[in-house]
>>> print(open('input_28.pdb').read())   # PDB, C-alpha atoms and all ligand atoms
ATOM      1  CA  MET A  68     -17.839 -15.889  -4.941
ATOM      2  CA  ASN A  69     -14.839 -13.863  -3.794
ATOM      3  CA  LEU A  70     -11.269 -14.556  -4.929
ATOM      4  CA  ARG A  71     -10.304 -16.237  -1.656
ATOM      5  CA  GLU A  72     -13.123 -18.759  -2.028
ATOM      6  CA  LYS A  73     -12.675 -19.121  -5.782
ATOM      7  CA  TYR A  74      -9.048 -20.185  -5.329
ATOM      8  CA  ASN A  75      -9.577 -22.081  -2.080
ATOM      9  CA  ILE A  76      -7.208 -19.971   0.002
ATOM     10  CA  PRO A  77      -7.788 -20.862   3.684
ATOM     11  CA  SER A  78      -9.155 -17.912   5.686
ATOM     12  CA  SER A  79      -6.505 -18.695   8.331
ATOM     13  CA  ALA A  80      -3.565 -18.502   5.894
ATOM     14  CA  VAL A  81      -0.533 -16.391   6.790
ATOM     15  CA  ILE A  82       1.405 -15.174   3.760
ATOM     16  CA  THR A  83       4.609 -13.238   4.189
ATOM     17  CA  ILE A  84       6.257 -11.186   1.443
ATOM     18  CA  ALA A  85      10.037 -11.098   1.266
ATOM     19  CA  GLY A  86      12.507  -9.252  -0.909
ATOM     20  CA  THR A  87      15.025  -6.485  -0.943
ATOM     21  CA  VAL A  88      14.254  -2.856  -0.101
ATOM     22  CA  GLY A  89      12.130  -1.182  -2.786
ATOM     23  CA  VAL A  90      11.188  -4.346  -4.697
ATOM     24  CA  GLY A  91       7.455  -3.839  -4.101
ATOM     25  CA  LYS A  92       6.520  -5.736  -0.918
ATOM     26  CA  SER A  93       4.230  -3.081   0.607
ATOM     27  CA  THR A  94       2.443  -2.525  -2.695
ATOM     28  CA  LEU A  95       1.769  -6.235  -3.127
ATOM     29  CA  THR A  96       0.791  -6.591   0.555
ATOM     30  CA  LYS A  97      -1.956  -3.991   0.106
ATOM     31  CA  SER A  98      -3.268  -5.476  -3.157
ATOM     32  CA  LEU A  99      -3.351  -9.058  -1.899
ATOM     33  CA  ALA A 100      -4.946  -8.143   1.416
ATOM     34  CA  THR A 101      -7.687  -6.201  -0.361
ATOM     35  CA  ALA A 102      -8.316  -8.965  -2.885
ATOM     36  CA  LEU A 103      -8.390 -11.733  -0.260
ATOM     37  CA  ASN A 104     -10.047  -9.666   2.457
ATOM     38  CA  PHE A 105      -7.090 -10.374   4.762
ATOM     39  CA  ARG A 106      -5.539  -8.165   7.429
ATOM     40  CA  THR A 107      -2.126  -6.581   6.874
ATOM     41  CA  SER A 108       0.994  -6.502   8.980
ATOM     42  CA  PHE A 109       3.341  -3.701   7.927
ATOM     43  CA  GLU A 110       6.820  -2.732   9.046
ATOM     44  CA  LYS A 111       6.846   0.547  10.937
ATOM     45  CA  VAL A 112       9.034   2.941   8.979
ATOM     46  CA  ASP A 113       7.747   6.470   9.709
ATOM     47  CA  THR A 114       7.428   5.851  13.460
ATOM     48  CA  ASN A 115      10.609   3.799  13.819
ATOM     49  CA  PRO A 116      12.723   5.689  16.398
ATOM     50  CA  TYR A 117      16.053   4.257  15.174
ATOM     51  CA  LEU A 118      15.867   4.120  11.382
ATOM     52  CA  ASP A 119      17.103   7.647  10.583
ATOM     53  CA  LYS A 120      19.872   7.389  13.172
ATOM     54  CA  PHE A 121      20.855   3.968  11.832
ATOM     55  CA  TYR A 122      21.260   5.223   8.254
ATOM     56  CA  ALA A 123      23.334   8.147   9.545
ATOM     57  CA  ASP A 124      25.644   5.883  11.590
ATOM     58  CA  PHE A 125      25.350   2.119  11.076
ATOM     59  CA  LYS A 126      27.967   1.248  13.677
ATOM     60  CA  ALA A 127      26.331   3.189  16.478
ATOM     61  CA  TRP A 128      22.754   2.050  15.872
ATOM     62  CA  SER A 129      22.631  -1.350  14.146
ATOM     63  CA  PHE A 130      22.149  -3.321  17.366
ATOM     64  CA  HIS A 131      19.394  -1.009  18.654
ATOM     65  CA  LEU A 132      17.584  -1.178  15.316
ATOM     66  CA  GLN A 133      17.732  -4.985  15.116
ATOM     67  CA  ILE A 134      16.350  -5.329  18.640
ATOM     68  CA  TYR A 135      13.578  -2.877  17.768
ATOM     69  CA  PHE A 136      12.618  -4.762  14.580
ATOM     70  CA  LEU A 137      12.743  -8.106  16.373
ATOM     71  CA  ALA A 138      10.415  -6.869  19.130
ATOM     72  CA  GLU A 139       8.013  -5.308  16.599
ATOM     73  CA  ARG A 140       7.872  -8.401  14.406
ATOM     74  CA  PHE A 141       7.377 -10.661  17.374
ATOM     75  CA  LYS A 142       4.467  -8.501  18.610
ATOM     76  CA  GLU A 143       2.989  -8.741  15.122
ATOM     77  CA  GLN A 144       3.458 -12.505  15.196
ATOM     78  CA  LYS A 145       1.428 -12.628  18.408
ATOM     79  CA  ARG A 146      -1.298 -10.418  16.904
ATOM     80  CA  ILE A 147      -1.526 -12.636  13.810
ATOM     81  CA  PHE A 148      -1.798 -15.732  15.996
ATOM     82  CA  GLU A 149      -4.478 -14.142  18.198
ATOM     83  CA  TYR A 150      -6.613 -13.347  15.140
ATOM     84  CA  GLY A 151      -6.224 -16.932  13.938
ATOM     85  CA  GLY A 152      -4.362 -15.938  10.760
ATOM     86  CA  GLY A 153      -5.801 -14.390   7.610
ATOM     87  CA  PHE A 154      -2.838 -12.012   7.169
ATOM     88  CA  ILE A 155      -0.493 -10.667   4.546
ATOM     89  CA  GLN A 156       2.770  -9.662   6.151
ATOM     90  CA  ASP A 157       5.157  -7.094   4.687
ATOM     91  CA  ARG A 158       8.625  -8.677   5.162
ATOM     92  CA  SER A 159       9.454 -11.839   7.082
ATOM     93  CA  ILE A 160      11.223 -12.125  10.398
ATOM     94  CA  TYR A 161      13.801 -14.394   8.716
ATOM     95  CA  GLU A 162      15.208 -11.499   6.697
ATOM     96  CA  ASP A 163      16.136  -9.545   9.838
ATOM     97  CA  THR A 164      18.701 -12.101  10.839
ATOM     98  CA  GLY A 165      19.475 -13.802   7.489
ATOM     99  CA  ILE A 166      20.057 -10.554   5.612
ATOM    100  CA  PHE A 167      20.350  -7.444   7.763
ATOM    101  CA  ALA A 168      22.012  -8.497  11.026
ATOM    102  CA  LYS A 169      24.400 -10.851   9.209
ATOM    103  CA  MET A 170      25.352  -8.216   6.647
ATOM    104  CA  HIS A 171      26.131  -5.621   9.306
ATOM    105  CA  TYR A 172      28.142  -8.143  11.308
ATOM    106  CA  ASP A 173      30.122  -9.199   8.217
ATOM    107  CA  LYS A 174      30.757  -5.567   7.301
ATOM    108  CA  GLU A 175      31.822  -4.823  10.900
ATOM    109  CA  THR A 176      29.054  -2.323  11.476
ATOM    110  CA  MET A 177      27.715  -4.635  14.192
ATOM    111  CA  SER A 178      30.210  -5.906  16.777
ATOM    112  CA  PRO A 179      30.710  -9.657  17.314
ATOM    113  CA  VAL A 180      29.355  -9.437  20.851
ATOM    114  CA  ASP A 181      26.228  -7.523  19.737
ATOM    115  CA  TYR A 182      25.708 -10.012  16.907
ATOM    116  CA  GLU A 183      26.017 -12.936  19.315
ATOM    117  CA  THR A 184      23.518 -11.342  21.729
ATOM    118  CA  TYR A 185      21.120 -10.613  18.882
ATOM    119  CA  THR A 186      21.274 -14.078  17.298
ATOM    120  CA  SER A 187      20.859 -15.893  20.611
ATOM    121  CA  LEU A 188      17.779 -13.772  21.347
ATOM    122  CA  PHE A 189      16.456 -14.394  17.833
ATOM    123  CA  ASP A 190      16.997 -18.158  18.125
ATOM    124  CA  ALA A 191      15.369 -18.279  21.569
ATOM    125  CA  MET A 192      12.302 -16.442  20.229
ATOM    126  CA  VAL A 193      11.961 -17.830  16.717
ATOM    127  CA  MET A 194      13.797 -21.107  16.318
ATOM    128  CA  THR A 195      11.499 -23.052  18.634
ATOM    129  CA  PRO A 196       8.653 -25.504  17.970
ATOM    130  CA  PHE A 197       6.272 -22.878  19.437
ATOM    131  CA  PHE A 198       6.904 -20.380  16.649
ATOM    132  CA  HIS A 199       4.323 -20.585  13.849
ATOM    133  CA  HIS A 200       5.983 -20.319  10.468
ATOM    134  CA  PRO A 201       3.967 -18.703   7.649
ATOM    135  CA  ASP A 202       2.010 -20.915   5.252
ATOM    136  CA  LEU A 203       3.792 -19.280   2.339
ATOM    137  CA  LEU A 204       6.638 -16.885   1.665
ATOM    138  CA  ILE A 205       6.306 -14.903  -1.562
ATOM    139  CA  TYR A 206       9.770 -13.906  -2.723
ATOM    140  CA  LEU A 207       9.845 -10.839  -4.987
ATOM    141  CA  GLU A 208      12.788 -10.526  -7.326
ATOM    142  CA  GLY A 209      13.828  -8.269 -10.190
ATOM    143  CA  SER A 210      16.826  -6.633 -11.776
ATOM    144  CA  PHE A 211      19.076  -4.477  -9.624
ATOM    145  CA  GLU A 212      18.519  -1.522 -11.985
ATOM    146  CA  GLU A 213      14.711  -1.698 -11.605
ATOM    147  CA  ILE A 214      14.977  -1.928  -7.827
ATOM    148  CA  ILE A 215      17.244   1.113  -7.626
ATOM    149  CA  LYS A 216      14.754   2.962  -9.838
ATOM    150  CA  ARG A 217      11.990   2.105  -7.369
ATOM    151  CA  ILE A 218      14.018   3.178  -4.321
ATOM    152  CA  LYS A 219      14.585   6.524  -6.069
ATOM    153  CA  LEU A 220      10.926   6.798  -7.053
ATOM    154  CA  ARG A 221       9.755   6.262  -3.477
ATOM    155  CA  GLY A 222      12.198   8.919  -2.335
ATOM    156  CA  ARG A 223      12.846   8.156   1.361
ATOM    157  CA  GLN A 224      15.671  10.609   2.103
ATOM    158  CA  MET A 225      17.768   8.267   4.262
ATOM    159  CA  GLU A 226      17.736   5.656   1.468
ATOM    160  CA  GLN A 227      18.663   8.258  -1.182
ATOM    161  CA  ASP A 228      21.650   9.269   0.941
ATOM    162  CA  THR A 229      22.905   5.676   1.252
ATOM    163  CA  PRO A 230      25.661   4.619  -1.203
ATOM    164  CA  ILE A 231      24.549   2.331  -4.035
ATOM    165  CA  GLU A 232      27.074  -0.296  -2.852
ATOM    166  CA  TYR A 233      24.896  -0.905   0.196
ATOM    167  CA  TRP A 234      21.912  -1.826  -1.981
ATOM    168  CA  GLU A 235      24.109  -3.930  -4.258
ATOM    169  CA  GLU A 236      25.517  -5.904  -1.330
ATOM    170  CA  MET A 237      21.984  -6.470  -0.021
ATOM    171  CA  TYR A 238      20.719  -7.504  -3.467
ATOM    172  CA  ASN A 239      23.452 -10.149  -3.833
ATOM    173  CA  ARG A 240      22.845 -11.461  -0.339
ATOM    174  CA  TYR A 241      19.116 -11.859  -1.020
ATOM    175  CA  GLU A 242      19.806 -14.078  -4.039
ATOM    176  CA  LYS A 243      21.957 -16.424  -1.951
ATOM    177  CA  TRP A 244      19.621 -16.326   1.038
ATOM    178  CA  ILE A 245      16.503 -17.372  -0.881
ATOM    179  CA  ASN A 246      18.310 -20.292  -2.501
ATOM    180  CA  SER A 247      18.910 -21.865   0.898
ATOM    181  CA  PHE A 248      15.669 -20.808   2.606
ATOM    182  CA  ASN A 249      13.539 -23.748   3.708
ATOM    183  CA  SER A 250      11.447 -22.677   6.708
ATOM    184  CA  CYS A 251       8.178 -22.707   4.724
ATOM    185  CA  PRO A 252       6.944 -23.096   1.099
ATOM    186  CA  ILE A 253       8.074 -20.387  -1.339
ATOM    187  CA  LEU A 254       6.479 -18.723  -4.345
ATOM    188  CA  ARG A 255       9.020 -16.780  -6.392
ATOM    189  CA  LEU A 256       7.617 -13.866  -8.374
ATOM    190  CA  ASN A 257       9.592 -11.770 -10.785
ATOM    191  CA  ILE A 258       8.388  -8.165 -10.710
ATOM    192  CA  THR A 259       8.335  -8.067 -14.518
ATOM    193  CA  GLU A 260       5.635 -10.785 -14.455
ATOM    194  CA  TYR A 261       2.898  -8.567 -13.013
ATOM    195  CA  ASP A 262       1.764  -4.956 -13.024
ATOM    196  CA  LEU A 263      -0.512  -4.112 -10.138
ATOM    197  CA  TYR A 264      -0.901  -0.515 -11.285
ATOM    198  CA  ASN A 265      -2.070  -1.026 -14.861
ATOM    199  CA  ASP A 266      -3.426  -4.556 -15.084
ATOM    200  CA  GLU A 267      -6.637  -5.259 -13.187
ATOM    201  CA  ASN A 268      -6.172  -9.034 -13.586
ATOM    202  CA  ALA A 269      -2.670  -9.055 -12.111
ATOM    203  CA  VAL A 270      -3.684  -9.747  -8.540
ATOM    204  CA  GLU A 271      -5.922 -12.648  -9.543
ATOM    205  CA  GLU A 272      -3.054 -14.220 -11.485
ATOM    206  CA  ILE A 273      -0.896 -14.017  -8.353
ATOM    207  CA  ILE A 274      -3.669 -15.546  -6.211
ATOM    208  CA  LYS A 275      -3.897 -18.411  -8.706
ATOM    209  CA  LYS A 276      -0.180 -19.081  -8.167
ATOM    210  CA  ILE A 277      -0.589 -18.842  -4.397
ATOM    211  CA  SER A 278      -3.396 -21.393  -4.579
ATOM    212  CA  TYR A 279      -1.213 -23.695  -6.609
ATOM    213  CA  VAL A 280       1.463 -23.710  -3.929
ATOM    214  CA  LEU A 281      -0.908 -23.900  -0.963
ATOM    215  CA  ASN A 282      -3.184 -26.533  -2.460
ATOM    216  CA  GLY A 283      -1.168 -28.176  -5.190
ATOM    217  CA  SER A 284       2.265 -29.500  -5.770
ATOM    218  CA  LYS A 285       4.397 -27.706  -3.210
ATOM    219  CA  GLU A 286       7.609 -29.245  -4.486
ATOM    220  CA  PHE A 287       7.296 -27.300  -7.730
ATOM    221  CA  TYR A 288       7.985 -24.015  -6.006
ATOM    222  CA  MET A 289       9.985 -25.133  -3.001
ATOM    223  CA  ASN A 290      13.748 -25.097  -2.910
ATOM    224  CA  LYS A 291      15.355 -28.493  -2.793
ATOM    225  CA  ARG A 292      16.417 -29.219   0.792
TER     226      ARG A 292
HETATM  227  N1  LIG B   1       4.361  -3.184  -9.867
HETATM  228  C1  LIG B   1       4.979  -2.000  -9.735
HETATM  229  N2  LIG B   1       5.259  -1.264 -10.819
HETATM  230  C2  LIG B   1       5.885  -0.086 -10.706
HETATM  231  N3  LIG B   1       6.268   0.454  -9.551
HETATM  232  C3  LIG B   1       6.016  -0.231  -8.426
HETATM  233  C4  LIG B   1       5.367  -1.499  -8.447
HETATM  234  N4  LIG B   1       5.262  -1.951  -7.152
HETATM  235  C5  LIG B   1       5.837  -0.984  -6.373
HETATM  236  N5  LIG B   1       6.255   0.044  -7.145
HETATM  237  C6  LIG B   1       6.873   1.271  -6.655
HETATM  238  O1  LIG B   1       8.170   0.951  -6.159
HETATM  239  C7  LIG B   1       8.437   1.685  -4.945
HETATM  240  C8  LIG B   1       8.750   0.707  -3.829
HETATM  241  O2  LIG B   1       7.600  -0.103  -3.572
HETATM  242  P1  LIG B   1       7.265  -0.651  -2.118
HETATM  243  O3  LIG B   1       6.023  -1.474  -2.258
HETATM  244  O4  LIG B   1       7.244   0.472  -1.132
HETATM  245  O5  LIG B   1       8.547  -1.583  -1.858
HETATM  246  P2  LIG B   1       9.052  -2.333  -0.552
HETATM  247  O6  LIG B   1       7.898  -2.419   0.412
HETATM  248  O7  LIG B   1       9.507  -3.664  -1.052
HETATM  249  O8  LIG B   1      10.201  -1.532  -0.029
HETATM  250  C9  LIG B   1       7.193   2.531  -4.672
HETATM  251  O9  LIG B   1       7.433   3.839  -5.173
HETATM  252  C10 LIG B   1       6.103   1.839  -5.454
HETATM  253  O10 LIG B   1       5.092   2.742  -5.871
HETATM  254  N1  LIG B   2      16.220  -5.755  10.110
HETATM  255  C1  LIG B   2      16.525  -4.598   9.485
HETATM  256  N2  LIG B   2      17.736  -4.023   9.647
HETATM  257  C2  LIG B   2      18.060  -2.876   9.041
HETATM  258  N3  LIG B   2      17.216  -2.188   8.262
HETATM  259  C3  LIG B   2      16.013  -2.727   8.076
HETATM  260  C4  LIG B   2      15.603  -3.946   8.648
HETATM  261  N4  LIG B   2      14.329  -4.211   8.251
HETATM  262  C5  LIG B   2      13.973  -3.188   7.454
HETATM  263  N5  LIG B   2      14.970  -2.304   7.362
HETATM  264  C6  LIG B   2      14.934  -1.003   6.670
HETATM  265  C7  LIG B   2      15.136  -1.057   5.188
HETATM  266  C8  LIG B   2      14.275   0.076   4.693
HETATM  267  O1  LIG B   2      14.999   1.290   4.713
HETATM  268  C9  LIG B   2      13.147   0.163   5.716
HETATM  269  C10 LIG B   2      11.863  -0.511   5.287
HETATM  270  O2  LIG B   2      12.103  -1.617   4.453
HETATM  271  P1  LIG B   2      11.252  -1.907   3.105
HETATM  272  O3  LIG B   2      11.984  -3.034   2.439
HETATM  273  O4  LIG B   2      11.216  -0.659   2.299
HETATM  274  O5  LIG B   2       9.890  -2.303   3.583
HETATM  275  O6  LIG B   2      13.631  -0.465   6.870
END
>>> encode(input="input_28.pdb", output="structure tokens", more="lines below")
Ligand SMILES: Nc1ncnc2c1ncn2[C@@H]1O[C@H](COP(=O)(O)OP(=O)(O)O)[C@@H](O)[C@H]1O
Ligand SMILES: Nc1ncnc2c1ncn2[C@H]1C[C@H](O)[C@@H](COP(=O)(O)O)O1
Amino acid sequence: MNLREKYNIPSSAVITIAGTVGVGKSTLTKSLATALNFRTSFEKVDTNPYLDKFYADFKAWSFHLQIYFLAERFKEQKRIFEYGGGFIQDRSIYEDTGIFAKMHYDKETMSPVDYETYTSLFDAMVMTPFFHHPDLLIYLEGSFEEIIKRIKLRGRQMEQDTPIEYWEEMYNRYEKWINSFNSCPILRLNITEYDLYNDENAVEEIIKKISYVLNGSKEFYMNKR
């Protein structure tokens, strides 16, 4: 019996992984998809035509980048739906607006009119009864120091060149955002609780927790509304 069957994870489940840059979303996406025999949905970083420009000049490119990410995630949403689920998704669509667009608007690196255009497009596409929310959002959290270590370890140049205050602002916003998130059930995982690189049982332990939320007492993990 495979792990998906053992823990009664529906083959149509859609699990999205949220958390700040560098926390370990892509790594966990790969491990879970392999263990559950699910498909993956990754963010496009290397082929993103705006990302380098955005990091070099937030003000000039934040609107273009948000529109690009929104279009890409919506296309992925359609693909996931067409396959009938069975996906692990690297980052949720909710973070684009709840973290990134809002942060750039607040910091005046996205103009009010661009922010208004972006949010009305986002709401028209996502905040409708036709949009399928994920079955579960796994929220990865850890200390700021560990996350900065991981951003450095991964070594994307544009992220290395970005002041630490940017990552700190994002980190603090994530903590507030997750405490009020209620679009789907949540499983919070602290990155000190598992080690996918050195512990071969780690992924099974995470699947056990996923099963508990999907099949058991959802209230235990969900935020109070
Ligand atoms: N469990 C872990 N232990 C140690 N390092 C990790 C772990 N998970 C991820 N990393 C490392 O942290 C960096 C960022 O991970 P990644 O999965 O790309 O994060 P994200 O997708 O959230 O930006 C990578 O260098 C990765 O190898
Ligand atoms: N919506 C976004 N706005 C700005 N930047 C974004 C957005 N979504 C992702 N990013 C950036 C952050 C990272 O530099 C890369 C990939 O994110 P990661 O958390 O490493 O998967 O894209």
>>> axis_aligned_box(input="input_28.pdb", around="ligand LIG 1 (chain B)", padding_each_side="6 Å", output="lines of an AutoDock Vina configuration file")
center_x = 7.3
center_y = 0.1
center_z = -5.2
size_x = 17.8
size_y = 19.5
size_z = 23.2
>>> residues_near_ligand(input="input_28.pdb", ligand="ligand LIG 1 (chain B)", cutoff="12 Å", atoms="all atoms listed in the file", output="ChimeraX atom specification")
/A:83-98,108-112,156-159,205-209,213-223,226,234,256-267,269-270
>>> write_last_selection(input="input_28.pdb", atoms="C-alpha atoms", output="compact mmCIF listing (two decimals), in the frame of the given file")
# COMPACT_ATOMS: atom_id res chain seq x y z
CA THR A 83 4.61 -13.24 4.19
CA ILE A 84 6.26 -11.19 1.44
CA ALA A 85 10.04 -11.10 1.27
CA GLY A 86 12.51 -9.25 -0.91
CA THR A 87 15.02 -6.48 -0.94
CA VAL A 88 14.25 -2.86 -0.10
CA GLY A 89 12.13 -1.18 -2.79
CA VAL A 90 11.19 -4.35 -4.70
CA GLY A 91 7.46 -3.84 -4.10
CA LYS A 92 6.52 -5.74 -0.92
CA SER A 93 4.23 -3.08 0.61
CA THR A 94 2.44 -2.52 -2.70
CA LEU A 95 1.77 -6.24 -3.13
CA THR A 96 0.79 -6.59 0.56
CA LYS A 97 -1.96 -3.99 0.11
CA SER A 98 -3.27 -5.48 -3.16
CA SER A 108 0.99 -6.50 8.98
CA PHE A 109 3.34 -3.70 7.93
CA GLU A 110 6.82 -2.73 9.05
CA LYS A 111 6.85 0.55 10.94
CA VAL A 112 9.03 2.94 8.98
CA GLN A 156 2.77 -9.66 6.15
CA ASP A 157 5.16 -7.09 4.69
CA ARG A 158 8.62 -8.68 5.16
CA SER A 159 9.45 -11.84 7.08
CA ILE A 205 6.31 -14.90 -1.56
CA TYR A 206 9.77 -13.91 -2.72
CA LEU A 207 9.85 -10.84 -4.99
CA GLU A 208 12.79 -10.53 -7.33
CA GLY A 209 13.83 -8.27 -10.19
CA GLU A 213 14.71 -1.70 -11.60
CA ILE A 214 14.98 -1.93 -7.83
CA ILE A 215 17.24 1.11 -7.63
CA LYS A 216 14.75 2.96 -9.84
CA ARG A 217 11.99 2.10 -7.37
CA ILE A 218 14.02 3.18 -4.32
CA LYS A 219 14.58 6.52 -6.07
CA LEU A 220 10.93 6.80 -7.05
CA ARG A 221 9.76 6.26 -3.48
CA GLY A 222 12.20 8.92 -2.34
CA ARG A 223 12.85 8.16 1.36
CA GLU A 226 17.74 5.66 1.47
CA TRP A 234 21.91 -1.83 -1.98
CA LEU A 256 7.62 -13.87 -8.37
CA ASN A 257 9.59 -11.77 -10.78
CA ILE A 258 8.39 -8.16 -10.71
CA THR A 259 8.34 -8.07 -14.52
CA GLU A 260 5.64 -10.78 -14.46
CA TYR A 261 2.90 -8.57 -13.01
CA ASP A 262 1.76 -4.96 -13.02
CA LEU A 263 -0.51 -4.11 -10.14
CA TYR A 264 -0.90 -0.52 -11.28
CA ASN A 265 -2.07 -1.03 -14.86
CA ASP A 266 -3.43 -4.56 -15.08
CA GLU A 267 -6.64 -5.26 -13.19
CA ALA A 269 -2.67 -9.06 -12.11
CA VAL A 270 -3.68 -9.75 -8.54
>>> closest_residue(input="input_28.pdb", among="A:Gln227, A:Thr184, A:Thr195, A:Asn246", to="ligand LIG 2 (chain B)", atoms="all atoms listed in the file")
A:Gln227
>>> resolve_selection(input="input_28.pdb", expression="the PyMOL selection byres (((chain A and resi 199) around 10) and not hetatm)", output="number ranges by chain")
A: 81, 144-145, 147-148, 193-198, 200-202
>>> closest_residue(input="input_28.pdb", among="A:Gly165, A:Gly283, A:Pro77, A:Gly153", to="Ile245 in chain A", atoms="all atoms listed in the file")
A:Gly165
>>> atom_distance(input="input_28.pdb", atom1="atom N2 of ligand LIG 2 (chain B)", atom2="CA of Val280 in chain A")
28.9 Å
>>> atom_distance(input="input_28.pdb", atom1="CA of Ile155 in chain A", atom2="atom C5 of ligand LIG 2 (chain B)")
16.5 Å
>>> residues_near_point(input="input_28.pdb", point="(20.4, -10.3, -6.6)", cutoff="8 Å", atoms="all atoms listed in the file", output="ChimeraX atom specification")
/A:208-211,235,237-243
>>> atom_distance(input="input_28.pdb", atom1="CA of Met225 in chain A", atom2="CA of Trp244 in chain A")
24.9 Å
>>> closest_residue(input="input_28.pdb", among="A:Val180, A:Leu188, A:Ala123, A:Leu103", to="Ser79 in chain A", atoms="all atoms listed in the file")
A:Leu103
>>> closest_residue(input="input_28.pdb", among="A:Ser129, A:Ser187, A:Thr114, A:Asn268", to="ligand LIG 2 (chain B)", atoms="only C-alpha atoms and all ligand atoms")
A:Ser129
>>> residues_around(input="input_28.pdb", residues="Tyr74 in chain A", least_positions_apart="6", cutoff="9 Å", atoms="all atoms listed in the file", output="PDB file with C-alpha atoms, keeping the file's coordinate frame")
ATOM      1  CA  ILE A 274      -3.669 -15.546  -6.211  1.00  0.00           C
ATOM      2  CA  LYS A 275      -3.897 -18.411  -8.706  1.00  0.00           C
ATOM      3  CA  ILE A 277      -0.589 -18.842  -4.397  1.00  0.00           C
ATOM      4  CA  SER A 278      -3.396 -21.393  -4.579  1.00  0.00           C
ATOM      5  CA  TYR A 279      -1.213 -23.695  -6.609  1.00  0.00           C
TER       6      TYR A 279
END
>>> decode(input="input_28.pdb", residues="range 102-114 of chain A", atoms="N, CA and C atoms", output="short mmCIF file (atom, residue, chain, number, x, y, z; two decimals), in the first residue's frame")
data_model
loop_
_atom_site.label_atom_id
_atom_site.label_comp_id
_atom_site.auth_asym_id
_atom_site.auth_seq_id
_atom_site.Cartn_x
_atom_site.Cartn_y
_atom_site.Cartn_z
N ALA A 102 6.11 11.39 -2.76
CA ALA A 102 5.59 10.41 -1.80
C ALA A 102 4.12 10.08 -2.05
N LEU A 103 3.37 11.06 -2.55
CA LEU A 103 1.92 10.83 -2.75
C LEU A 103 1.58 10.48 -4.19
N ASN A 104 2.61 10.52 -5.04
CA ASN A 104 2.41 10.32 -6.47
C ASN A 104 1.44 11.36 -7.04
N PHE A 105 1.65 12.61 -6.65
CA PHE A 105 0.85 13.74 -7.12
C PHE A 105 1.65 14.52 -8.16
N ARG A 106 0.96 15.34 -8.93
CA ARG A 106 1.63 16.26 -9.84
C ARG A 106 2.06 17.51 -9.05
N THR A 107 2.97 18.27 -9.66
CA THR A 107 3.44 19.50 -9.01
C THR A 107 3.04 20.73 -9.82
N SER A 108 2.88 21.82 -9.13
CA SER A 108 2.67 23.10 -9.79
C SER A 108 3.66 24.08 -9.17
N PHE A 109 4.69 24.43 -9.95
CA PHE A 109 5.74 25.31 -9.43
C PHE A 109 5.59 26.73 -9.97
N GLU A 110 6.11 27.68 -9.19
CA GLU A 110 6.23 29.05 -9.69
C GLU A 110 7.34 29.06 -10.73
N LYS A 111 7.17 29.89 -11.76
CA LYS A 111 8.26 30.02 -12.74
C LYS A 111 9.20 31.12 -12.26
N VAL A 112 10.42 30.75 -11.95
CA VAL A 112 11.38 31.76 -11.50
C VAL A 112 12.40 32.04 -12.60
N ASP A 113 13.04 30.97 -13.12
CA ASP A 113 14.10 31.16 -14.12
C ASP A 113 13.57 31.76 -15.42
N THR A 114 12.33 31.45 -15.77
CA THR A 114 11.80 31.93 -17.06
C THR A 114 10.87 33.14 -16.88
#
